[in-house]
Structure formats: C-alpha cells, structure tokens
file entry-v8.csv (CSV, C-alpha atoms)
chain,number,residue,atom,x,y,z
A,113,MET,CA,16.1,-5.6,11.0
A,114,SER,CA,12.9,-5.6,13.1
A,115,LEU,CA,9.2,-5.5,12.6
A,116,GLU,CA,9.1,-1.8,13.3
A,117,GLY,CA,11.9,-1.1,10.9
A,118,MET,CA,10.2,-3.0,8.1
A,119,LEU,CA,6.9,-1.4,8.8
A,120,ILE,CA,8.5,2.1,8.7
A,121,VAL,CA,10.2,1.4,5.4
A,122,SER,CA,6.9,0.2,4.1
A,123,ALA,CA,5.2,3.3,5.4
A,124,VAL,CA,7.7,5.6,3.7
A,125,LEU,CA,7.4,3.8,0.4
A,126,PHE,CA,3.6,3.9,0.7
A,127,SER,CA,3.6,7.7,1.3
A,128,ILE,CA,6.0,8.3,-1.6
A,129,GLY,CA,3.6,6.3,-3.8
A,130,LEU,CA,0.7,8.2,-2.5
A,131,TYR,CA,2.4,11.5,-3.2
A,132,GLY,CA,3.2,10.4,-6.8
A,133,THR,CA,-0.4,9.2,-7.3
A,134,LEU,CA,-1.8,12.5,-6.2
A,135,ALA,CA,0.7,15.0,-7.7
A,136,ARG,CA,1.6,13.6,-11.1
A,137,SER,CA,-0.3,14.5,-14.2
A,138,ASN,CA,0.9,11.8,-16.5
A,139,VAL,CA,-1.2,8.6,-16.3
A,140,ILE,CA,1.8,6.3,-16.7
A,141,ALA,CA,3.5,8.0,-13.8
A,142,VAL,CA,0.4,7.6,-11.7
A,143,LEU,CA,0.3,3.9,-12.5
A,144,MET,CA,4.0,3.6,-11.5
A,145,SER,CA,3.3,5.3,-8.1
A,146,LEU,CA,0.4,2.8,-7.6
A,147,GLU,CA,2.9,0.0,-8.1
A,148,ILE,CA,5.1,1.4,-5.4
A,149,MET,CA,2.1,1.4,-3.1
A,150,PHE,CA,1.4,-2.2,-3.9
A,151,ASN,CA,5.0,-3.1,-3.1
A,152,ALA,CA,5.0,-1.2,0.2
A,153,ILE,CA,1.9,-3.2,1.2
A,154,ASN,CA,3.5,-6.5,0.3
A,155,ILE,CA,6.6,-5.6,2.4
A,156,ALA,CA,4.3,-4.9,5.4
A,157,LEU,CA,2.4,-8.2,4.9
A,158,VAL,CA,5.5,-10.3,4.7
A,159,ALA,CA,7.0,-8.6,7.7
A,160,MET,CA,3.8,-9.3,9.7
A,161,ALA,CA,4.0,-13.0,8.6
A,162,LYS,CA,7.6,-13.2,9.8
A,163,PHE,CA,7.4,-11.4,13.1
A,164,VAL,CA,3.8,-11.4,14.4
A,165,ALA,CA,2.4,-14.5,16.0
A,166,PRO,CA,-1.1,-15.4,14.6
A,167,GLN,CA,-3.7,-16.4,17.1
A,168,SER,CA,-3.9,-19.9,15.7
A,169,LEU,CA,-0.2,-20.6,15.8
A,170,GLN,CA,-0.6,-23.4,18.4
A,171,ILE,CA,-3.3,-25.2,16.4
A,172,SER,CA,-2.2,-24.7,12.8
A,173,LEU,CA,1.4,-24.0,11.9
A,174,SER,CA,0.4,-23.2,8.4
A,175,SER,CA,-1.2,-20.0,9.6
A,176,VAL,CA,2.3,-18.4,9.5
A,177,LEU,CA,2.1,-18.6,5.7
A,178,THR,CA,-1.2,-16.6,5.4
A,179,GLY,CA,0.7,-13.4,4.7
A,180,HIS,CA,2.5,-15.0,1.9
A,181,VAL,CA,-0.7,-16.2,0.3
A,182,PHE,CA,-2.1,-12.7,0.6
A,183,VAL,CA,1.0,-11.3,-1.2
A,184,ILE,CA,0.6,-13.8,-4.0
A,185,PHE,CA,-3.0,-12.6,-4.5
A,186,ILE,CA,-2.0,-9.0,-4.4
A,187,ILE,CA,0.7,-9.6,-7.0
A,188,THR,CA,-1.8,-11.3,-9.2
A,189,VAL,CA,-4.3,-8.5,-8.9
A,190,ALA,CA,-1.6,-5.9,-9.5
A,191,ALA,CA,-0.5,-7.6,-12.6
A,192,ALA,CA,-4.1,-7.8,-13.9
A,193,GLU,CA,-4.6,-4.1,-13.0
A,194,ILE,CA,-1.4,-3.0,-14.8
A,195,ALA,CA,-2.3,-5.0,-17.9
A,196,LEU,CA,-5.7,-3.4,-18.1
A,197,GLY,CA,-4.5,0.0,-17.1
A,198,LEU,CA,-1.9,0.2,-19.8
A,199,GLY,CA,-4.5,-1.0,-22.3
A,200,ILE,CA,-6.7,1.9,-21.2
A,201,ILE,CA,-3.8,4.3,-21.5
A,202,LEU,CA,-3.1,3.2,-25.1
A,203,ALA,CA,-6.8,3.6,-25.9
A,204,MET,CA,-6.8,7.0,-24.4
A,205,TYR,CA,-3.7,8.0,-26.4
A,206,ARG,CA,-5.4,6.7,-29.6
A,207,ASN,CA,-8.5,8.9,-29.0
A,208,ASN,CA,-6.8,11.9,-27.4
A,209,GLU,CA,-3.2,12.1,-28.6
A,210,SER,CA,-2.2,12.6,-25.0
A,211,VAL,CA,-1.8,10.8,-21.8
A,212,GLU,CA,-2.1,13.8,-19.5
A,213,LEU,CA,-4.7,13.4,-16.8
A,214,THR,CA,-5.8,17.0,-17.1
A,215,GLN,CA,-6.8,16.5,-20.8
A,216,ALA,CA,-8.8,13.4,-20.1
A,217,ASP,CA,-12.0,15.5,-19.6
A,218,ILE,CA,-14.4,14.1,-22.3
A,219,LEU,CA,-17.0,13.3,-19.7
A,220,GLN,CA,-17.0,16.9,-18.4
A,221,HIS,CA,-18.5,18.4,-21.5
B,35,MET,CA,22.3,-10.6,12.8
B,36,PHE,CA,24.7,-7.8,12.1
B,37,VAL,CA,25.0,-8.7,8.4
B,38,ALA,CA,21.2,-8.8,8.1
B,39,ASP,CA,21.0,-5.3,9.6
B,40,VAL,CA,23.5,-3.8,7.2
B,41,ILE,CA,21.7,-5.4,4.3
B,42,PHE,CA,18.4,-4.1,5.6
B,43,TRP,CA,19.7,-0.5,5.8
B,44,LEU,CA,21.3,-0.6,2.4
B,45,LEU,CA,18.2,-2.0,0.8
B,46,SER,CA,15.9,0.5,2.5
B,47,LEU,CA,18.1,3.4,1.6
B,48,THR,CA,18.3,2.3,-2.0
B,49,ALA,CA,14.5,1.6,-2.2
B,50,ILE,CA,13.5,4.9,-0.7
B,51,ILE,CA,15.9,6.9,-2.9
B,52,ALA,CA,14.8,5.1,-6.0
B,53,ALA,CA,11.1,5.5,-5.1
B,54,LEU,CA,11.7,9.2,-4.6
B,55,GLY,CA,13.4,9.2,-8.0
B,56,VAL,CA,10.4,7.5,-9.6
B,57,VAL,CA,8.0,10.3,-8.5
B,58,LEU,CA,10.4,13.3,-8.9
B,59,VAL,CA,12.4,12.6,-12.1
B,60,ARG,CA,11.0,14.3,-15.1
B,61,ASP,CA,12.1,11.8,-17.7
B,62,LEU,CA,9.5,9.0,-17.7
B,63,PHE,CA,11.9,6.4,-19.1
B,64,ARG,CA,14.4,7.0,-16.2
B,65,SER,CA,11.6,6.7,-13.7
B,66,VAL,CA,10.7,3.3,-15.1
B,67,LEU,CA,14.3,2.1,-14.7
B,68,LEU,CA,14.2,3.5,-11.1
B,69,LEU,CA,11.0,1.6,-10.6
B,70,ALA,CA,12.8,-1.6,-11.5
B,71,VAL,CA,15.3,-0.8,-8.9
B,72,VAL,CA,12.5,-0.4,-6.3
B,73,PHE,CA,11.1,-3.8,-7.4
B,74,ILE,CA,14.5,-5.5,-7.0
B,75,CYS,CA,15.0,-3.9,-3.6
B,76,VAL,CA,11.5,-5.2,-2.5
B,77,GLY,CA,12.6,-8.7,-3.7
B,78,GLY,CA,15.7,-8.3,-1.5
B,79,PHE,CA,13.4,-7.5,1.4
B,80,PHE,CA,11.5,-10.7,0.7
B,81,VAL,CA,14.7,-12.7,0.8
B,82,LEU,CA,15.7,-11.0,4.0
B,83,MET,CA,12.4,-12.0,5.6
B,84,SER,CA,12.8,-15.7,4.5
B,85,ALA,CA,10.2,-15.5,1.8
B,86,GLU,CA,12.3,-16.8,-1.1
B,87,PHE,CA,9.4,-17.9,-3.3
B,88,LEU,CA,7.9,-14.5,-3.1
B,89,ALA,CA,11.2,-12.9,-4.0
B,90,VAL,CA,11.4,-15.1,-7.1
B,91,VAL,CA,7.8,-14.3,-8.1
B,92,GLN,CA,8.6,-10.6,-7.5
B,93,ILE,CA,11.6,-10.6,-9.8
B,94,LEU,CA,9.7,-12.6,-12.5
B,95,ILE,CA,6.5,-10.7,-12.5
B,96,TYR,CA,7.4,-7.2,-11.5
B,97,VAL,CA,10.9,-6.7,-12.9
B,98,GLY,CA,10.4,-9.1,-15.8
B,99,ALA,CA,6.9,-8.3,-16.9
B,100,ILE,CA,5.5,-5.1,-15.4
B,101,SER,CA,8.5,-3.0,-16.0
B,102,ILE,CA,8.7,-4.1,-19.6
B,103,LEU,CA,5.0,-3.3,-20.0
B,104,PHE,CA,5.7,0.2,-18.7
B,105,VAL,CA,8.5,0.6,-21.1
B,106,PHE,CA,6.2,-0.5,-24.0
B,107,ALA,CA,3.5,1.9,-22.9
B,108,ILE,CA,6.0,4.8,-22.7
B,109,MET,CA,7.4,4.0,-26.1
B,110,LEU,CA,4.0,3.7,-27.7
B,111,THR,CA,2.6,6.9,-26.3
B,112,ARG,CA,5.5,9.2,-27.4
B,113,ASP,CA,4.9,11.6,-24.5
B,114,VAL,CA,8.3,11.0,-23.1
B,115,ARG,CA,9.7,14.4,-24.0
B,116,ARG,CA,6.9,16.3,-22.2
B,117,GLY,CA,7.6,14.0,-19.3
B,118,ASN,CA,6.6,13.6,-15.8
B,119,SER,CA,5.3,17.1,-15.1
B,120,PRO,CA,3.6,17.7,-11.8
B,121,ASN,CA,0.0,18.9,-11.6
B,122,LYS,CA,-1.5,21.7,-9.5
B,123,LEU,CA,-2.0,19.6,-6.4
B,124,GLN,CA,1.6,19.7,-5.2
B,125,ILE,CA,1.1,21.2,-1.8
B,126,PRO,CA,-2.1,19.2,-0.8
B,127,ALA,CA,-0.4,16.0,-2.1
B,128,VAL,CA,2.7,16.6,0.1
B,129,PHE,CA,0.4,17.5,3.0
B,130,ILE,CA,-1.7,14.4,2.7
B,131,SER,CA,1.1,12.0,2.2
B,132,THR,CA,3.0,13.4,5.1
B,133,LEU,CA,-0.1,13.0,7.3
B,134,VAL,CA,-0.5,9.3,6.1
B,135,LEU,CA,3.2,8.7,6.8
B,136,ALA,CA,3.0,10.1,10.3
B,137,ALA,CA,-0.1,8.1,11.1
B,138,LEU,CA,1.5,4.8,9.8
B,139,VAL,CA,4.7,5.4,11.7
B,140,VAL,CA,2.9,6.2,14.9
B,141,VAL,CA,0.8,3.1,14.6
B,142,ALA,CA,3.8,0.9,13.7
B,143,ILE,CA,5.8,2.1,16.7
B,144,GLY,CA,3.0,2.5,19.2
B,145,THR,CA,1.2,-0.8,18.8
B,146,GLU,CA,2.0,-3.7,21.2
B,147,TRP,CA,2.7,-6.3,18.6
B,148,ASN,CA,2.1,-9.9,19.6
B,149,LYS,CA,5.5,-11.1,18.4
B,150,ILE,CA,6.4,-14.7,17.8
B,151,PRO,CA,8.1,-16.0,20.9
B,152,ALA,CA,11.8,-16.7,20.6
B,153,GLU,CA,11.5,-20.4,21.1
B,154,ASP,CA,9.1,-20.8,18.2
B,155,LYS,CA,11.1,-18.6,15.9
B,156,SER,CA,13.1,-21.5,14.4
B,157,VAL,CA,10.1,-23.6,13.4
B,158,VAL,CA,8.3,-20.6,11.9
B,159,ASP,CA,11.4,-19.7,9.9
B,160,MET,CA,11.7,-23.4,8.8
B,161,VAL,CA,8.0,-23.4,7.6
B,162,GLN,CA,8.4,-20.1,5.7
B,163,ILE,CA,11.7,-21.0,4.1
B,164,ASN,CA,10.3,-24.3,2.9
B,165,ALA,CA,6.9,-22.9,1.9
B,166,ILE,CA,7.1,-24.6,-1.5
B,167,THR,CA,8.4,-28.0,-0.6
B,168,ALA,CA,5.8,-28.4,2.2
B,169,MET,CA,7.4,-29.6,5.4
B,170,THR,CA,6.2,-32.9,6.8
B,171,LYS,CA,5.5,-33.5,10.4
B,172,GLU,CA,8.7,-35.5,10.9
B,173,ASP,CA,10.9,-32.7,9.5
B,174,LEU,CA,9.2,-30.2,11.9
B,175,LEU,CA,9.5,-32.5,14.9
B,176,ASP,CA,13.3,-32.3,14.6
B,177,VAL,CA,13.2,-28.5,14.9
B,178,ASP,CA,10.6,-27.9,17.6
B,179,LYS,CA,8.7,-30.6,19.5
B,180,THR,CA,6.0,-28.6,21.4
B,181,LEU,CA,4.7,-26.6,18.5
B,182,SER,CA,4.8,-29.4,15.9
B,183,GLU,CA,3.1,-32.1,17.8
B,184,SER,CA,-0.3,-30.5,17.9
B,185,ASN,CA,-0.2,-29.6,14.2
B,186,GLU,CA,-1.8,-31.2,11.1
B,187,GLU,CA,0.4,-31.9,8.1
B,188,PRO,CA,1.6,-31.0,5.6
B,189,VAL,CA,2.5,-27.3,6.1
B,190,GLY,CA,3.0,-25.6,2.7
B,191,LEU,CA,1.9,-22.8,0.5
B,192,ALA,CA,0.3,-25.0,-2.1
B,193,ASP,CA,-1.9,-26.7,0.5
B,194,LEU,CA,-3.1,-23.3,1.7
B,195,LEU,CA,-3.8,-22.2,-1.9
B,196,ILE,CA,-6.0,-25.2,-2.7
B,197,GLY,CA,-7.3,-25.8,0.8
B,198,LYS,CA,-8.1,-22.9,3.0
B,199,PHE,CA,-7.9,-20.2,0.3
B,200,VAL,CA,-9.5,-22.1,-2.5
B,201,LEU,CA,-12.3,-19.6,-3.0
B,202,PRO,CA,-10.1,-16.5,-3.5
B,203,PHE,CA,-7.9,-18.7,-5.7
B,204,GLU,CA,-10.7,-19.4,-8.0
B,205,ALA,CA,-11.9,-15.8,-7.9
B,206,VAL,CA,-8.5,-14.7,-9.0
B,207,SER,CA,-8.5,-17.1,-11.9
B,208,LEU,CA,-11.9,-15.5,-12.9
B,209,LEU,CA,-10.3,-12.1,-12.5
B,210,LEU,CA,-7.5,-13.1,-14.9
B,211,LEU,CA,-10.0,-14.3,-17.4
B,212,ALA,CA,-11.9,-11.1,-17.2
B,213,THR,CA,-8.7,-9.1,-17.6
B,214,LEU,CA,-7.8,-11.1,-20.7
B,215,ILE,CA,-11.1,-10.4,-22.3
B,216,GLY,CA,-11.0,-6.8,-21.2
B,217,GLY,CA,-7.5,-6.3,-22.6
B,218,LEU,CA,-8.6,-7.8,-26.0
B,219,ALA,CA,-11.7,-5.6,-26.1
B,220,LEU,CA,-9.6,-2.5,-25.4
B,221,ALA,CA,-6.9,-3.3,-27.9
B,222,ARG,CA,-9.3,-4.1,-30.7
B,223,ARG,CA,-9.7,-1.2,-33.1
B,224,GLN,CA,-13.3,-0.1,-33.4
B,225,GLU,CA,-14.7,-0.2,-36.9
B,226,GLY,CA,-15.6,3.2,-38.2
B,227,GLY,CA,-14.5,5.0,-35.0

call {"tool": "encode", "arguments": {"input": "entry-v8.csv", "output": "structure tokens"}}
result
Amino acid sequence: MSLEGMLIVSAVLFSIGLYGTLARSNVIAVLMSLEIMFNAINIALVAMAKFVAPQSLQISLSSVLTGHVFVIFIITVAAAEIALGLGIILAMYRNNESVELTQADILQH
Amino acid sequence: MFVADVIFWLLSLTAIIAALGVVLVRDLFRSVLLLAVVFICVGGFFVLMSAEFLAVVQILIYVGAISILFVFAIMLTRDVRRGNSPNKLQIPAVFISTLVLAALVVVAIGTEWNKIPAEDKSVVDMVQINAITAMTKEDLLDVDKTLSESNEEPVGLADLLIGKFVLPFEAVSLLLLATLIGGLALARRQEGG
C-alpha cells in the first residue's frame, strides 16, 4: 500500500466510471458510473491526505485533515446530486415512458 | 505492513472487478448490487488509510442511502428488462477512458510527491485516526515533540468544519436546502399536465 498504488487504483476506477458515463444509454446506469467516479476521487483525496505533506504541516497540524474535509463535502454534493438526478429520472419516465438517453430528445424538435 | 498490503490488493481487485461489472452487466439490478460492493470496498480503502470516520460515513450514505435510492429508481421505472444496453459511442468511449487512464497513471507515477517524512508519520496518523475526538496538545506532545510544540490546539475535523471551512460548510447547507425544494418541485404532479 503506497501513495502510487492508491492513486493508480483511483485512476482505474475513474476511467471505468468515465467509460460507463460515455457508453451507456440508460440514465440510471450513467448516474451509477458517475458515482464510481466520485468514489475514485474520494480515494485519491484521502490518499493525498495520508501520504503527502502539506506545505503548512509545520505551522498547523490540522492541515493533514483538509483532504478529509473535502471528502465530506464531495459526499454531501454527491448525495444531493443523486437525489435530484433520480427525481429528474422519475419525471422523465412519467413524461416519456422511457429512461433511455437516446429518446430524451424533446428539445431537438 | 504485509497484512495491509494483502488487504490493499484484495480490496483493489474486488473494487475494480465490481466496477467493471457495474458498467458491463446488462441487468440493471445486478449492477446496483455490484455498485454497493464498490462502495463497501471504497469504505475499506478509507479504513486502510486511517480515515475511519469517512468509512462510516461512506457506509451510511452510499451503501445505506444511495444504493437504496437506485434500487427504488430502477423498480419505479420498469426498464429493467431492456437493461443496460450500450449506445453507439462504444469505441470513442473506450479510447477516451484509456487515454485518461494513461494520463492519470503517468502523472501518479512520474510526479515527485512531497511525502510526509517518516519521523512525522506517527503524529499524522494519530491526528487522522482521532479526527472526531480532536486531539489536544498534551496528547500530541506524547507522540511527537518537534511537530506538536509549534501547533495550535485542538486538532480535529469539527474545528476545521466550523473554523477554516465555515463558508463552504454554509454553502453546502444552502445546497441541501435547494435540493430539498428542487426534489419536491420535481416530484409534485403538475395539474392538468
């Protein structure tokens, strides 16, 4: 377990999430891939907080917790995003009878 | 450290296979279950990196709330049988994500990280493990004299959240309020339409 190992795992998870976001046609699957990307970023942030020395380490010891604070904010924003996203999906299904991205083209016509 | 390495490899293998399953499996319900596996593995990574509080938050919010929300969304939209079909962008998507992966790996390996020196490692671990209970100066002086003496007290997550990061903290509360109102507005049935 090293910083590089953690960052590589995070990069792999991020790319898998990116692939899923680009290549799926179901909106729920796209949202799930987005969640994988969020989690990959959280892993990278916590790894940075654990292994990399912040510049202000000598002045303020609490700066080693900055990464953790960022992760808390990201989790909050992700939860809000998912709650709204699933609401939008349900509204889309009510209007469209489908959650396929290719059929969500009302604005094109 | 050997045990930590073994756990790290097991967790990363499970996480990556489960994540591949999420994006490749056709049955949406199965991919939600695999997504929960990914979340639990990420929680394991947090424990491994001495971020226990974040691991608990991860299990509570992601595994407990977000996965269940996904299950509800899938059940309510009845598109499960049609499933997780890929769209026409397969090859560009593989290309772009491979490029991003290569770039990230090159940067992760090639950068000269300013790592925490070995003599400070124990006090940093101490602060991160006790992020909730907020270490006092006396506790820290027992672990590491040089680094702790110049520091202000106390050192904890809560003090950061309502001290240095109070503005983002309030902004997030506003965001949650906006999400609440937005969710209500979306879920309400429009009259006559």

call {"tool": "interface_residues", "arguments": {"input": "entry-v8.csv", "of": "chain A", "to": "chain B", "cutoff": "7 Å", "atoms": "all atoms listed in the file", "output": "PDB file with C-alpha atoms, in the frame of the given file"}}
result
ATOM      1  CA  MET A 113      16.100  -5.600  11.000  1.00  0.00           C
ATOM      2  CA  GLU A 116       9.100  -1.800  13.300  1.00  0.00           C
ATOM      3  CA  LEU A 119       6.900  -1.400   8.800  1.00  0.00           C
ATOM      4  CA  ILE A 120       8.500   2.100   8.700  1.00  0.00           C
ATOM      5  CA  VAL A 121      10.200   1.400   5.400  1.00  0.00           C
ATOM      6  CA  ALA A 123       5.200   3.300   5.400  1.00  0.00           C
ATOM      7  CA  VAL A 124       7.700   5.600   3.700  1.00  0.00           C
ATOM      8  CA  LEU A 125       7.400   3.800   0.400  1.00  0.00           C
ATOM      9  CA  SER A 127       3.600   7.700   1.300  1.00  0.00           C
ATOM     10  CA  ILE A 128       6.000   8.300  -1.600  1.00  0.00           C
ATOM     11  CA  LEU A 130       0.700   8.200  -2.500  1.00  0.00           C
ATOM     12  CA  TYR A 131       2.400  11.500  -3.200  1.00  0.00           C
ATOM     13  CA  GLY A 132       3.200  10.400  -6.800  1.00  0.00           C
ATOM     14  CA  LEU A 134      -1.800  12.500  -6.200  1.00  0.00           C
ATOM     15  CA  ALA A 135       0.700  15.000  -7.700  1.00  0.00           C
ATOM     16  CA  ARG A 136       1.600  13.600 -11.100  1.00  0.00           C
ATOM     17  CA  SER A 137      -0.300  14.500 -14.200  1.00  0.00           C
ATOM     18  CA  ASN A 138       0.900  11.800 -16.500  1.00  0.00           C
ATOM     19  CA  ALA A 141       3.500   8.000 -13.800  1.00  0.00           C
ATOM     20  CA  SER A 145       3.300   5.300  -8.100  1.00  0.00           C
ATOM     21  CA  ASN A 151       5.000  -3.100  -3.100  1.00  0.00           C
ATOM     22  CA  ILE A 155       6.600  -5.600   2.400  1.00  0.00           C
ATOM     23  CA  ALA A 159       7.000  -8.600   7.700  1.00  0.00           C
ATOM     24  CA  LYS A 162       7.600 -13.200   9.800  1.00  0.00           C
ATOM     25  CA  PHE A 163       7.400 -11.400  13.100  1.00  0.00           C
ATOM     26  CA  VAL A 164       3.800 -11.400  14.400  1.00  0.00           C
ATOM     27  CA  ALA A 165       2.400 -14.500  16.000  1.00  0.00           C
ATOM     28  CA  GLN A 170      -0.600 -23.400  18.400  1.00  0.00           C
ATOM     29  CA  ILE A 171      -3.300 -25.200  16.400  1.00  0.00           C
ATOM     30  CA  SER A 172      -2.200 -24.700  12.800  1.00  0.00           C
ATOM     31  CA  LEU A 173       1.400 -24.000  11.900  1.00  0.00           C
ATOM     32  CA  SER A 174       0.400 -23.200   8.400  1.00  0.00           C
ATOM     33  CA  VAL A 176       2.300 -18.400   9.500  1.00  0.00           C
ATOM     34  CA  LEU A 177       2.100 -18.600   5.700  1.00  0.00           C
ATOM     35  CA  ALA A 192      -4.100  -7.800 -13.900  1.00  0.00           C
ATOM     36  CA  LEU A 196      -5.700  -3.400 -18.100  1.00  0.00           C
ATOM     37  CA  LEU A 198      -1.900   0.200 -19.800  1.00  0.00           C
ATOM     38  CA  GLY A 199      -4.500  -1.000 -22.300  1.00  0.00           C
ATOM     39  CA  ILE A 200      -6.700   1.900 -21.200  1.00  0.00           C
ATOM     40  CA  LEU A 202      -3.100   3.200 -25.100  1.00  0.00           C
ATOM     41  CA  ALA A 203      -6.800   3.600 -25.900  1.00  0.00           C
ATOM     42  CA  TYR A 205      -3.700   8.000 -26.400  1.00  0.00           C
TER      43      TYR A 205
END

call {"tool": "atom_distance", "arguments": {"input": "entry-v8.csv", "atom1": "atom CA of Thr167 of chain B", "atom2": "atom CA of Gly197 of chain B"}}
result
15.9 Å

call {"tool": "atom_distance", "arguments": {"input": "entry-v8.csv", "atom1": "atom CA of Met109 of chain B", "atom2": "atom CA of Glu147 of chain A"}}
result
19.0 Å

call {"tool": "atom_distance", "arguments": {"input": "entry-v8.csv", "atom1": "atom CA of Leu219 of chain A", "atom2": "atom CA of Val139 of chain A"}}
result
16.8 Å
